[in-house]
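Asker: Below is start.pdb; it holds PDB, C-alpha atoms.
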ATOM      1  CA  MET W  25     -25.379 -51.270  47.695  1.00  0.00           C
ATOM      2  CA  SER W  26     -22.543 -53.515  48.893  1.00  0.00           C
ATOM      3  CA  ALA W  27     -24.927 -55.238  51.319  1.00  0.00           C
ATOM      4  CA  VAL W  28     -27.366 -55.941  48.475  1.00  0.00           C
ATOM      5  CA  LEU W  29     -24.551 -57.421  46.376  1.00  0.00           C
ATOM      6  CA  LEU W  30     -23.544 -59.639  49.311  1.00  0.00           C
ATOM      7  CA  ALA W  31     -27.173 -60.755  49.678  1.00  0.00           C
ATOM      8  CA  LEU W  32     -27.342 -61.607  45.967  1.00  0.00           C
ATOM      9  CA  ALA W  33     -24.054 -63.520  46.066  1.00  0.00           C
ATOM     10  CA  ALA W  34     -24.949 -65.468  49.222  1.00  0.00           C
ATOM     11  CA  GLY W  35     -28.431 -66.304  47.931  1.00  0.00           C
ATOM     12  CA  ALA W  36     -27.009 -67.521  44.615  1.00  0.00           C
ATOM     13  CA  VAL W  37     -24.530 -69.836  46.349  1.00  0.00           C
ATOM     14  CA  ILE W  38     -27.219 -71.262  48.635  1.00  0.00           C
ATOM     15  CA  GLY W  39     -29.643 -71.785  45.761  1.00  0.00           C
ATOM     16  CA  LEU W  40     -26.904 -73.377  43.656  1.00  0.00           C
ATOM     17  CA  THR W  41     -26.167 -75.842  46.449  1.00  0.00           C
ATOM     18  CA  LEU W  42     -29.831 -76.671  46.951  1.00  0.00           C
ATOM     19  CA  GLY W  43     -30.318 -77.283  43.246  1.00  0.00           C
ATOM     20  CA  ALA W  44     -27.177 -79.371  42.871  1.00  0.00           C
ATOM     21  CA  LEU W  45     -27.500 -81.518  46.009  1.00  0.00           C
ATOM     22  CA  GLY W  46     -31.247 -81.588  46.631  1.00  0.00           C
ATOM     23  CA  GLY W  47     -30.799 -80.348  50.199  1.00  0.00           C
ATOM     24  CA  GLY W  48     -28.366 -78.899  52.674  1.00  0.00           C
ATOM     25  CA  GLY W  49     -27.864 -75.509  51.061  1.00  0.00           C
ATOM     26  CA  SER W  50     -30.308 -73.737  53.344  1.00  0.00           C
ATOM     27  CA  VAL W  51     -28.109 -74.564  56.330  1.00  0.00           C
ATOM     28  CA  LEU W  52     -25.747 -71.860  55.051  1.00  0.00           C
ATOM     29  CA  ALA W  53     -28.470 -69.191  55.064  1.00  0.00           C
ATOM     30  CA  VAL W  54     -28.304 -68.441  58.789  1.00  0.00           C
ATOM     31  CA  PRO W  55     -24.500 -67.965  59.026  1.00  0.00           C
ATOM     32  CA  ALA W  56     -24.570 -65.895  55.813  1.00  0.00           C
ATOM     33  CA  LEU W  57     -27.249 -63.635  57.260  1.00  0.00           C
ATOM     34  CA  ILE W  58     -25.390 -63.271  60.565  1.00  0.00           C
ATOM     35  CA  TYR W  59     -21.778 -62.873  59.445  1.00  0.00           C
ATOM     36  CA  LEU W  60     -22.188 -61.256  56.027  1.00  0.00           C
ATOM     37  CA  LEU W  61     -25.323 -59.147  56.438  1.00  0.00           C
ATOM     38  CA  GLY W  62     -25.251 -58.359  60.167  1.00  0.00           C
ATOM     39  CA  PHE W  63     -28.542 -59.972  61.231  1.00  0.00           C
ATOM     40  CA  THR W  64     -29.025 -61.030  64.856  1.00  0.00           C
ATOM     41  CA  PRO W  65     -29.401 -64.820  65.378  1.00  0.00           C
ATOM     42  CA  VAL W  66     -33.171 -64.496  65.976  1.00  0.00           C
ATOM     43  CA  ALA W  67     -33.679 -62.291  62.905  1.00  0.00           C
ATOM     44  CA  ALA W  68     -31.401 -64.552  60.840  1.00  0.00           C
ATOM     45  CA  THR W  69     -33.362 -67.717  61.670  1.00  0.00           C
ATOM     46  CA  THR W  70     -36.639 -65.958  60.810  1.00  0.00           C
ATOM     47  CA  ALA W  71     -35.258 -64.588  57.537  1.00  0.00           C
ATOM     48  CA  ALA W  72     -33.791 -68.006  56.701  1.00  0.00           C
ATOM     49  CA  LEU W  73     -37.239 -69.581  57.112  1.00  0.00           C
ATOM     50  CA  ILE W  74     -38.600 -67.125  54.547  1.00  0.00           C
ATOM     51  CA  VAL W  75     -35.802 -67.964  52.106  1.00  0.00           C
ATOM     52  CA  VAL W  76     -36.225 -71.708  52.738  1.00  0.00           C
ATOM     53  CA  ALA W  77     -40.000 -71.576  52.242  1.00  0.00           C
ATOM     54  CA  VAL W  78     -39.780 -69.614  48.972  1.00  0.00           C
ATOM     55  CA  THR W  79     -36.925 -71.680  47.527  1.00  0.00           C
ATOM     56  CA  SER W  80     -38.399 -75.038  48.557  1.00  0.00           C
ATOM     57  CA  ALA W  81     -41.854 -74.189  47.205  1.00  0.00           C
ATOM     58  CA  THR W  82     -40.332 -73.138  43.867  1.00  0.00           C
ATOM     59  CA  ALA W  83     -38.196 -76.285  43.630  1.00  0.00           C
ATOM     60  CA  LEU W  84     -41.208 -78.388  44.677  1.00  0.00           C
ATOM     61  CA  SER W  85     -43.144 -77.322  41.581  1.00  0.00           C
ATOM     62  CA  ALA W  86     -40.321 -78.522  39.315  1.00  0.00           C
ATOM     63  CA  HIS W  87     -40.073 -81.896  41.061  1.00  0.00           C
ATOM     64  CA  ALA W  88     -43.859 -82.271  40.990  1.00  0.00           C
ATOM     65  CA  ARG W  89     -43.879 -81.777  37.217  1.00  0.00           C
ATOM     66  CA  ASP W  90     -41.365 -84.618  36.945  1.00  0.00           C
ATOM     67  CA  GLY W  91     -43.619 -86.850  39.082  1.00  0.00           C
ATOM     68  CA  HIS W  92     -41.128 -87.106  41.964  1.00  0.00           C
ATOM     69  CA  VAL W  93     -43.393 -85.906  44.798  1.00  0.00           C
ATOM     70  CA  ARG W  94     -45.414 -88.385  46.886  1.00  0.00           C
ATOM     71  CA  TRP W  95     -48.075 -85.971  48.082  1.00  0.00           C
ATOM     72  CA  ARG W  96     -49.965 -88.212  50.513  1.00  0.00           C
ATOM     73  CA  THR W  97     -46.800 -89.586  52.104  1.00  0.00           C
ATOM     74  CA  GLY W  98     -45.230 -86.140  52.365  1.00  0.00           C
ATOM     75  CA  LEU W  99     -48.303 -84.537  53.919  1.00  0.00           C
ATOM     76  CA  LEU W 100     -48.625 -87.348  56.473  1.00  0.00           C
ATOM     77  CA  PHE W 101     -44.934 -86.998  57.379  1.00  0.00           C
ATOM     78  CA  ALA W 102     -45.177 -83.207  57.516  1.00  0.00           C
ATOM     79  CA  SER W 103     -48.312 -83.266  59.685  1.00  0.00           C
ATOM     80  CA  ALA W 104     -46.263 -84.766  62.532  1.00  0.00           C
ATOM     81  CA  GLY W 105     -43.865 -81.826  62.318  1.00  0.00           C
ATOM     82  CA  ILE W 106     -46.354 -78.934  62.179  1.00  0.00           C
ATOM     83  CA  GLY W 107     -46.880 -78.748  65.958  1.00  0.00           C
ATOM     84  CA  PRO W 108     -43.167 -78.999  66.852  1.00  0.00           C
ATOM     85  CA  ALA W 109     -42.319 -76.477  64.109  1.00  0.00           C
ATOM     86  CA  MET W 110     -44.799 -73.976  65.527  1.00  0.00           C
ATOM     87  CA  LEU W 111     -43.569 -74.534  69.088  1.00  0.00           C
ATOM     88  CA  GLY W 112     -39.958 -74.223  67.932  1.00  0.00           C
ATOM     89  CA  GLY W 113     -40.774 -71.022  66.084  1.00  0.00           C
ATOM     90  CA  ALA W 114     -42.299 -69.522  69.228  1.00  0.00           C
ATOM     91  CA  LEU W 115     -39.413 -70.734  71.402  1.00  0.00           C
ATOM     92  CA  ALA W 116     -36.647 -69.355  69.179  1.00  0.00           C
ATOM     93  CA  SER W 117     -37.401 -65.717  69.998  1.00  0.00           C
ATOM     94  CA  ARG W 118     -37.004 -66.484  73.710  1.00  0.00           C
ATOM     95  CA  LEU W 119     -33.647 -68.255  73.498  1.00  0.00           C
ATOM     96  CA  PRO W 120     -30.350 -66.421  74.094  1.00  0.00           C
ATOM     97  CA  ALA W 121     -28.368 -65.633  70.944  1.00  0.00           C
ATOM     98  CA  ALA W 122     -25.481 -67.829  72.124  1.00  0.00           C
ATOM     99  CA  VAL W 123     -27.802 -70.843  72.513  1.00  0.00           C
ATOM    100  CA  LEU W 124     -29.168 -70.404  68.978  1.00  0.00           C
ATOM    101  CA  THR W 125     -25.658 -70.040  67.581  1.00  0.00           C
ATOM    102  CA  LEU W 126     -24.438 -73.125  69.434  1.00  0.00           C
ATOM    103  CA  GLY W 127     -27.438 -75.199  68.360  1.00  0.00           C
ATOM    104  CA  PHE W 128     -26.981 -74.144  64.774  1.00  0.00           C
ATOM    105  CA  ALA W 129     -23.271 -74.991  64.852  1.00  0.00           C
ATOM    106  CA  LEU W 130     -24.068 -78.509  66.056  1.00  0.00           C
ATOM    107  CA  VAL W 131     -26.718 -79.033  63.377  1.00  0.00           C
ATOM    108  CA  ALA W 132     -24.392 -77.693  60.671  1.00  0.00           C
ATOM    109  CA  GLY W 133     -21.664 -80.070  61.850  1.00  0.00           C
ATOM    110  CA  ALA W 134     -24.112 -82.988  61.772  1.00  0.00           C
ATOM    111  CA  ALA W 135     -25.152 -82.018  58.238  1.00  0.00           C
ATOM    112  CA  ALA W 136     -21.523 -81.977  57.094  1.00  0.00           C
ATOM    113  CA  VAL W 137     -20.817 -85.394  58.612  1.00  0.00           C
ATOM    114  CA  ARG W 138     -23.912 -86.856  56.967  1.00  0.00           C
ATOM    115  CA  MET W 139     -22.897 -85.442  53.589  1.00  0.00           C
ATOM    116  CA  LEU W 140     -19.459 -87.014  53.896  1.00  0.00           C
ATOM    117  CA  ARG W 141     -21.111 -90.405  54.371  1.00  0.00           C
ATOM    118  CA  PRO W 142     -22.659 -92.317  51.447  1.00  0.00           C
ATOM    119  CA  ARG W 143     -26.335 -91.677  50.829  1.00  0.00           C
ATOM    120  CA  PRO W 144     -28.617 -94.405  52.229  1.00  0.00           C
ATOM    121  CA  ALA W 145     -29.650 -97.129  49.869  1.00  0.00           C
ATOM    122  CA  SER W 146     -33.260 -97.361  48.799  1.00  0.00           C
ATOM    123  CA  ALA W 147     -35.331 -99.249  51.334  1.00  0.00           C
ATOM    124  CA  GLU W 148     -38.014-100.326  48.884  1.00  0.00           C
ATOM    125  CA  GLY W 149     -40.386-102.789  50.463  1.00  0.00           C
ATOM    126  CA  VAL W 150     -39.565-101.708  54.022  1.00  0.00           C
ATOM    127  CA  ARG W 151     -42.454-101.937  56.459  1.00  0.00           C
ATOM    128  CA  VAL W 152     -43.406 -98.426  57.521  1.00  0.00           C
ATOM    129  CA  ARG W 153     -43.639 -98.000  61.274  1.00  0.00           C
ATOM    130  CA  PRO W 154     -46.068 -95.174  62.078  1.00  0.00           C
ATOM    131  CA  GLY W 155     -44.343 -94.426  65.396  1.00  0.00           C
ATOM    132  CA  ARG W 156     -40.924 -94.009  63.784  1.00  0.00           C
ATOM    133  CA  ALA W 157     -42.369 -91.946  60.947  1.00  0.00           C
ATOM    134  CA  ALA W 158     -44.157 -89.632  63.392  1.00  0.00           C
ATOM    135  CA  ALA W 159     -41.047 -89.265  65.552  1.00  0.00           C
ATOM    136  CA  ALA W 160     -38.892 -88.446  62.515  1.00  0.00           C
ATOM    137  CA  GLY W 161     -41.421 -85.909  61.245  1.00  0.00           C
ATOM    138  CA  ALA W 162     -41.732 -84.271  64.671  1.00  0.00           C
ATOM    139  CA  GLY W 163     -37.963 -84.047  65.107  1.00  0.00           C
ATOM    140  CA  LEU W 164     -37.528 -82.441  61.703  1.00  0.00           C
ATOM    141  CA  GLY W 165     -40.291 -79.937  62.474  1.00  0.00           C
ATOM    142  CA  ALA W 166     -38.652 -78.946  65.756  1.00  0.00           C
ATOM    143  CA  VAL W 167     -35.266 -78.367  64.088  1.00  0.00           C
ATOM    144  CA  THR W 168     -36.905 -76.279  61.360  1.00  0.00           C
ATOM    145  CA  GLY W 169     -38.860 -74.191  63.860  1.00  0.00           C
ATOM    146  CA  VAL W 170     -36.013 -73.376  66.240  1.00  0.00           C
ATOM    147  CA  LEU W 171     -33.052 -73.006  63.896  1.00  0.00           C
ATOM    148  CA  GLY W 172     -34.682 -71.833  60.671  1.00  0.00           C
ATOM    149  CA  VAL W 173     -33.173 -74.570  58.493  1.00  0.00           C
ATOM    150  CA  GLY W 174     -35.107 -76.645  56.005  1.00  0.00           C
ATOM    151  CA  GLY W 175     -33.626 -79.920  57.180  1.00  0.00           C
ATOM    152  CA  GLY W 176     -33.341 -81.581  53.771  1.00  0.00           C
ATOM    153  CA  PHE W 177     -30.196 -83.342  54.985  1.00  0.00           C
ATOM    154  CA  LEU W 178     -32.373 -84.973  57.674  1.00  0.00           C
ATOM    155  CA  ALA W 179     -35.610 -85.362  55.711  1.00  0.00           C
ATOM    156  CA  VAL W 180     -34.208 -87.252  52.717  1.00  0.00           C
ATOM    157  CA  PRO W 181     -32.565 -90.089  54.710  1.00  0.00           C
ATOM    158  CA  ALA W 182     -35.676 -90.351  56.914  1.00  0.00           C
ATOM    159  CA  LEU W 183     -38.013 -90.635  53.926  1.00  0.00           C
ATOM    160  CA  VAL W 184     -35.783 -93.323  52.412  1.00  0.00           C
ATOM    161  CA  SER W 185     -35.094 -95.423  55.516  1.00  0.00           C
ATOM    162  CA  VAL W 186     -38.348 -94.925  57.447  1.00  0.00           C
ATOM    163  CA  LEU W 187     -40.918 -94.637  54.640  1.00  0.00           C
ATOM    164  CA  GLY W 188     -39.116 -96.631  51.941  1.00  0.00           C
ATOM    165  CA  LEU W 189     -39.127 -94.012  49.172  1.00  0.00           C
ATOM    166  CA  ARG W 190     -36.686 -94.125  46.282  1.00  0.00           C
ATOM    167  CA  MET W 191     -34.050 -91.391  46.337  1.00  0.00           C
ATOM    168  CA  ARG W 192     -35.586 -89.175  43.642  1.00  0.00           C
ATOM    169  CA  ALA W 193     -39.012 -89.388  45.271  1.00  0.00           C
ATOM    170  CA  ALA W 194     -37.456 -88.721  48.684  1.00  0.00           C
ATOM    171  CA  VAL W 195     -35.739 -85.549  47.445  1.00  0.00           C
ATOM    172  CA  GLY W 196     -38.945 -84.241  45.828  1.00  0.00           C
ATOM    173  CA  THR W 197     -41.146 -85.192  48.774  1.00  0.00           C
ATOM    174  CA  SER W 198     -38.707 -83.650  51.264  1.00  0.00           C
ATOM    175  CA  LEU W 199     -39.306 -80.273  49.586  1.00  0.00           C
ATOM    176  CA  LEU W 200     -43.006 -80.613  50.409  1.00  0.00           C
ATOM    177  CA  VAL W 201     -42.190 -81.441  54.046  1.00  0.00           C
ATOM    178  CA  ILE W 202     -39.726 -78.543  54.298  1.00  0.00           C
ATOM    179  CA  THR W 203     -42.219 -76.068  52.805  1.00  0.00           C
ATOM    180  CA  VAL W 204     -44.970 -77.087  55.226  1.00  0.00           C
ATOM    181  CA  ASN W 205     -42.675 -76.984  58.268  1.00  0.00           C
ATOM    182  CA  SER W 206     -41.183 -73.623  57.285  1.00  0.00           C
ATOM    183  CA  LEU W 207     -44.609 -72.029  56.869  1.00  0.00           C
ATOM    184  CA  ALA W 208     -45.761 -73.480  60.207  1.00  0.00           C
ATOM    185  CA  ALA W 209     -42.700 -72.070  61.966  1.00  0.00           C
ATOM    186  CA  LEU W 210     -43.147 -68.686  60.293  1.00  0.00           C
ATOM    187  CA  ALA W 211     -46.739 -68.529  61.538  1.00  0.00           C
ATOM    188  CA  MET W 212     -45.367 -68.336  65.090  1.00  0.00           C
ATOM    189  CA  ARG W 213     -42.708 -65.739  64.247  1.00  0.00           C
ATOM    190  CA  THR W 214     -44.866 -62.890  63.032  1.00  0.00           C
ATOM    191  CA  GLY W 215     -43.634 -60.748  65.915  1.00  0.00           C
ATOM    192  CA  THR W 216     -40.002 -61.090  64.828  1.00  0.00           C
ATOM    193  CA  ALA W 217     -40.707 -60.382  61.156  1.00  0.00           C
ATOM    194  CA  HIS W 218     -41.541 -56.681  61.581  1.00  0.00           C
ATOM    195  CA  GLY W 219     -37.960 -55.562  62.090  1.00  0.00           C
ATOM    196  CA  LEU W 220     -36.450 -57.555  59.236  1.00  0.00           C
ATOM    197  CA  ASP W 221     -34.532 -55.819  56.459  1.00  0.00           C
ATOM    198  CA  TRP W 222     -36.685 -56.775  53.469  1.00  0.00           C
ATOM    199  CA  ALA W 223     -34.411 -54.823  51.142  1.00  0.00           C
ATOM    200  CA  LEU W 224     -31.825 -57.552  51.762  1.00  0.00           C
ATOM    201  CA  ILE W 225     -34.118 -60.567  52.199  1.00  0.00           C
ATOM    202  CA  GLY W 226     -35.831 -59.962  48.835  1.00  0.00           C
ATOM    203  CA  PRO W 227     -32.640 -60.100  46.732  1.00  0.00           C
ATOM    204  CA  PHE W 228     -31.333 -62.960  48.891  1.00  0.00           C
ATOM    205  CA  ALA W 229     -34.432 -65.097  48.268  1.00  0.00           C
ATOM    206  CA  GLY W 230     -34.646 -64.167  44.585  1.00  0.00           C
ATOM    207  CA  ALA W 231     -31.024 -65.112  43.963  1.00  0.00           C
ATOM    208  CA  ALA W 232     -31.540 -68.399  45.821  1.00  0.00           C
ATOM    209  CA  VAL W 233     -34.484 -69.319  43.586  1.00  0.00           C
ATOM    210  CA  LEU W 234     -32.538 -68.526  40.406  1.00  0.00           C
ATOM    211  CA  GLY W 235     -29.454 -70.308  41.738  1.00  0.00           C
ATOM    212  CA  ALA W 236     -31.471 -73.459  42.370  1.00  0.00           C
ATOM    213  CA  TRP W 237     -32.232 -73.758  38.647  1.00  0.00           C
ATOM    214  CA  ASP W 238     -28.545 -73.407  37.768  1.00  0.00           C
ATOM    215  CA  GLY W 239     -27.676 -75.937  40.443  1.00  0.00           C
ATOM    216  CA  LYS W 240     -29.998 -78.475  38.905  1.00  0.00           C
ATOM    217  CA  ARG W 241     -28.166 -78.122  35.594  1.00  0.00           C
ATOM    218  CA  LEU W 242     -24.785 -78.269  37.349  1.00  0.00           C
ATOM    219  CA  SER W 243     -25.702 -81.563  39.013  1.00  0.00           C
ATOM    220  CA  ALA W 244     -26.060 -83.128  35.563  1.00  0.00           C
ATOM    221  CA  LYS W 245     -22.486 -82.169  34.629  1.00  0.00           C
ATOM    222  CA  LEU W 246     -20.481 -82.869  37.807  1.00  0.00           C
ATOM    223  CA  PRO W 247     -20.457 -85.971  40.040  1.00  0.00           C
ATOM    224  CA  ALA W 248     -22.871 -85.457  42.930  1.00  0.00           C
ATOM    225  CA  ARG W 249     -20.397 -87.057  45.340  1.00  0.00           C
ATOM    226  CA  THR W 250     -17.717 -84.490  44.458  1.00  0.00           C
ATOM    227  CA  LEU W 251     -20.145 -81.626  45.014  1.00  0.00           C
ATOM    228  CA  GLN W 252     -21.268 -83.109  48.316  1.00  0.00           C
ATOM    229  CA  ARG W 253     -17.757 -83.480  49.683  1.00  0.00           C
ATOM    230  CA  ALA W 254     -16.752 -79.947  48.708  1.00  0.00           C
ATOM    231  CA  PHE W 255     -19.868 -78.539  50.356  1.00  0.00           C
ATOM    232  CA  ALA W 256     -19.341 -80.650  53.492  1.00  0.00           C
ATOM    233  CA  VAL W 257     -15.840 -79.230  53.957  1.00  0.00           C
ATOM    234  CA  VAL W 258     -17.168 -75.663  53.709  1.00  0.00           C
ATOM    235  CA  LEU W 259     -19.979 -76.512  56.118  1.00  0.00           C
ATOM    236  CA  LEU W 260     -17.553 -77.957  58.668  1.00  0.00           C
ATOM    237  CA  ALA W 261     -15.587 -74.704  58.557  1.00  0.00           C
ATOM    238  CA  VAL W 262     -18.793 -72.696  59.089  1.00  0.00           C
ATOM    239  CA  ALA W 263     -19.797 -74.951  61.990  1.00  0.00           C
ATOM    240  CA  GLY W 264     -16.383 -74.457  63.588  1.00  0.00           C
ATOM    241  CA  LEU W 265     -16.639 -70.679  63.235  1.00  0.00           C
ATOM    242  CA  MET W 266     -20.093 -70.584  64.808  1.00  0.00           C
ATOM    243  CA  LEU W 267     -19.085 -72.941  67.602  1.00  0.00           C
ATOM    244  CA  ALA W 268     -16.148 -70.721  68.481  1.00  0.00           C
ATOM    245  CA  ASP W 269     -18.406 -67.658  68.353  1.00  0.00           C
ATOM    246  CA  ALA W 270     -20.890 -69.263  70.747  1.00  0.00           C
ATOM    247  CA  VAL W 271     -18.329 -70.543  73.247  1.00  0.00           C
ATOM    248  CA  LEU W 272     -15.786 -67.681  73.303  1.00  0.00           C
TER     249      LEU W 272
END
Show me, as C-alpha cells, the structure contained in the file I just sent.
Answerer:
Amino acid sequence: MSAVLLALAAGAVIGLTLGALGGGGSVLAVPALIYLLGFTPVAATTAALIVVAVTSATALSAHARDGHVRWRTGLLFASAGIGPAMLGGALASRLPAAVLTLGFALVAGAAAVRMLRPRPASAEGVRVRPGRAAAAGAGLGAVTGVLGVGGGFLAVPALVSVLGLRMRAAVGTSLLVITVNSLAALAMRTGTAHGLDWALIGPFAGAAVLGAWDGKRLSAKLPARTLQRAFAVVLLAVAGLMLADAVL
C-alpha cells in the first residue's frame, strides 16, 4: 500500500508541474520511478513513456478545445521524430543502466538550465526552414525514444523559434508532438512492457492526469516565472543525484 501511495503522490506532483508550466514535469517521472518505486532504468523509461503519452493526450484535448493546437504544423514536426523515436525506443533496452542514468541526468540538467532562462520571444513572421524543423523534430523524437521523457522543455522553444508559433499555440502543439513521439517509442518497447508493475503505473498515471488539471488552475494564481524557478532548482538536485549515481 505504501508503494501505491508513493505512486499517487509522485504522479500528482508531476501532473501538477505539467499543468502549471506546460512542460517539463515528465522529466521527473523517470527518477521518481527509479528512486521511489524501485523500477530499473529500462523499466522506468518505458513506464514514463506510458505516463507521458496518457497525460499529454489528456492535456492535448483541453488545449484543442481552446483552439491552441496547430494540427498540421504539429503533425509535420512530429513526423520527423517518429523514426528516431522508434529507433531510440528499440535502442534503450540494449543500453547499460548506467548509460541511461547518465543520459537522463544530462537531459534533466539541460531542462533545469533552460527553465532558469527567460522563455523565447514569439518569432511571428519568421521564415520556416524545413531542414531546421526536420532536425529539431528528429532530435526531440530521439530524446523521447531513448530516455522516456516528453521533451516539452525542448519542443516549445523549437516550435516558437523554428516554426514561429506564438507561445500558447506552441505549448498546445507541443503536446501533440509529445503524444505522437511517445506512442512511436512505445511501439518499439512492447518487449519491455510485459514485466512492468501496472498496479503502480495505473495510479501514477491517473494521479498525473488529475494533477495536470489542478496545475492549470494553479498557473492562473501564481507567477509562472516563480513556479519555473522553483521547479528548476528541484530538477537540478535530481540531475545531480542521478549523475552521482551513474558515475560512482
Asker: Contacts of range 248-258 of chain W at 6 Å or less, counting all atoms listed in the file, minus same-chain residues fewer than 2 places along, as a list in words?
Answerer: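 Using all atoms listed in the file, the neighbours found are Ala136, Met139, Leu140, Leu260 and Ala261 of chain W.
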Asker: Using all atoms listed in the file, find the one residue out of W:Gly98, W:Gly230, W:Gly105, W:Gly172 that sits nearest to Phe128 in chain W.
Answerer: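 For Phe128 in chain W, the nearest of the given residues is W:Gly172.
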Asker: What do you get, as a VMD selection string, if you spell out every residue that the PyMOL selection byres ((chain W and resi 165) around 9) selects here?
Answerer: chain W and resid 102 104 to 110 112 160 to 164 166 to 170 174 to 175 201 to 202 205 to 206 208 to 209
Asker: Nearest to Val186 in chain W among W:Val204, W:Ala132, W:Ala158, W:Val173, with distances taken over all atoms listed in the file: which residue is it?
Answerer: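 Ranking W:Val204, W:Ala132, W:Ala158, W:Val173 by distance to Val186 in chain W, first place goes to W:Ala158.
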Asker: When you draw a straight line from CA of Asp221 in chain W to CA of Leu267 in chain W, how long is it in Å?
Answerer: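 About the pair CA of Asp221 in chain W and CA of Leu267 in chain W: they are 25.6 Å apart.
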Asker: Can you list what the PyMOL selection byres ((chain W and resi 195-199) around 6) grabs from this structure, as a list in words?
Answerer: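 What the PyMOL selection byres ((chain W and resi 195-199) around 6) grabs from the file is Ser80, Leu84, His87, His92, Val93, Arg94, Gly98, Ala179, Val180, Arg192, Ala193, Ala194, Leu200, Val201 and Ile202 of chain W.
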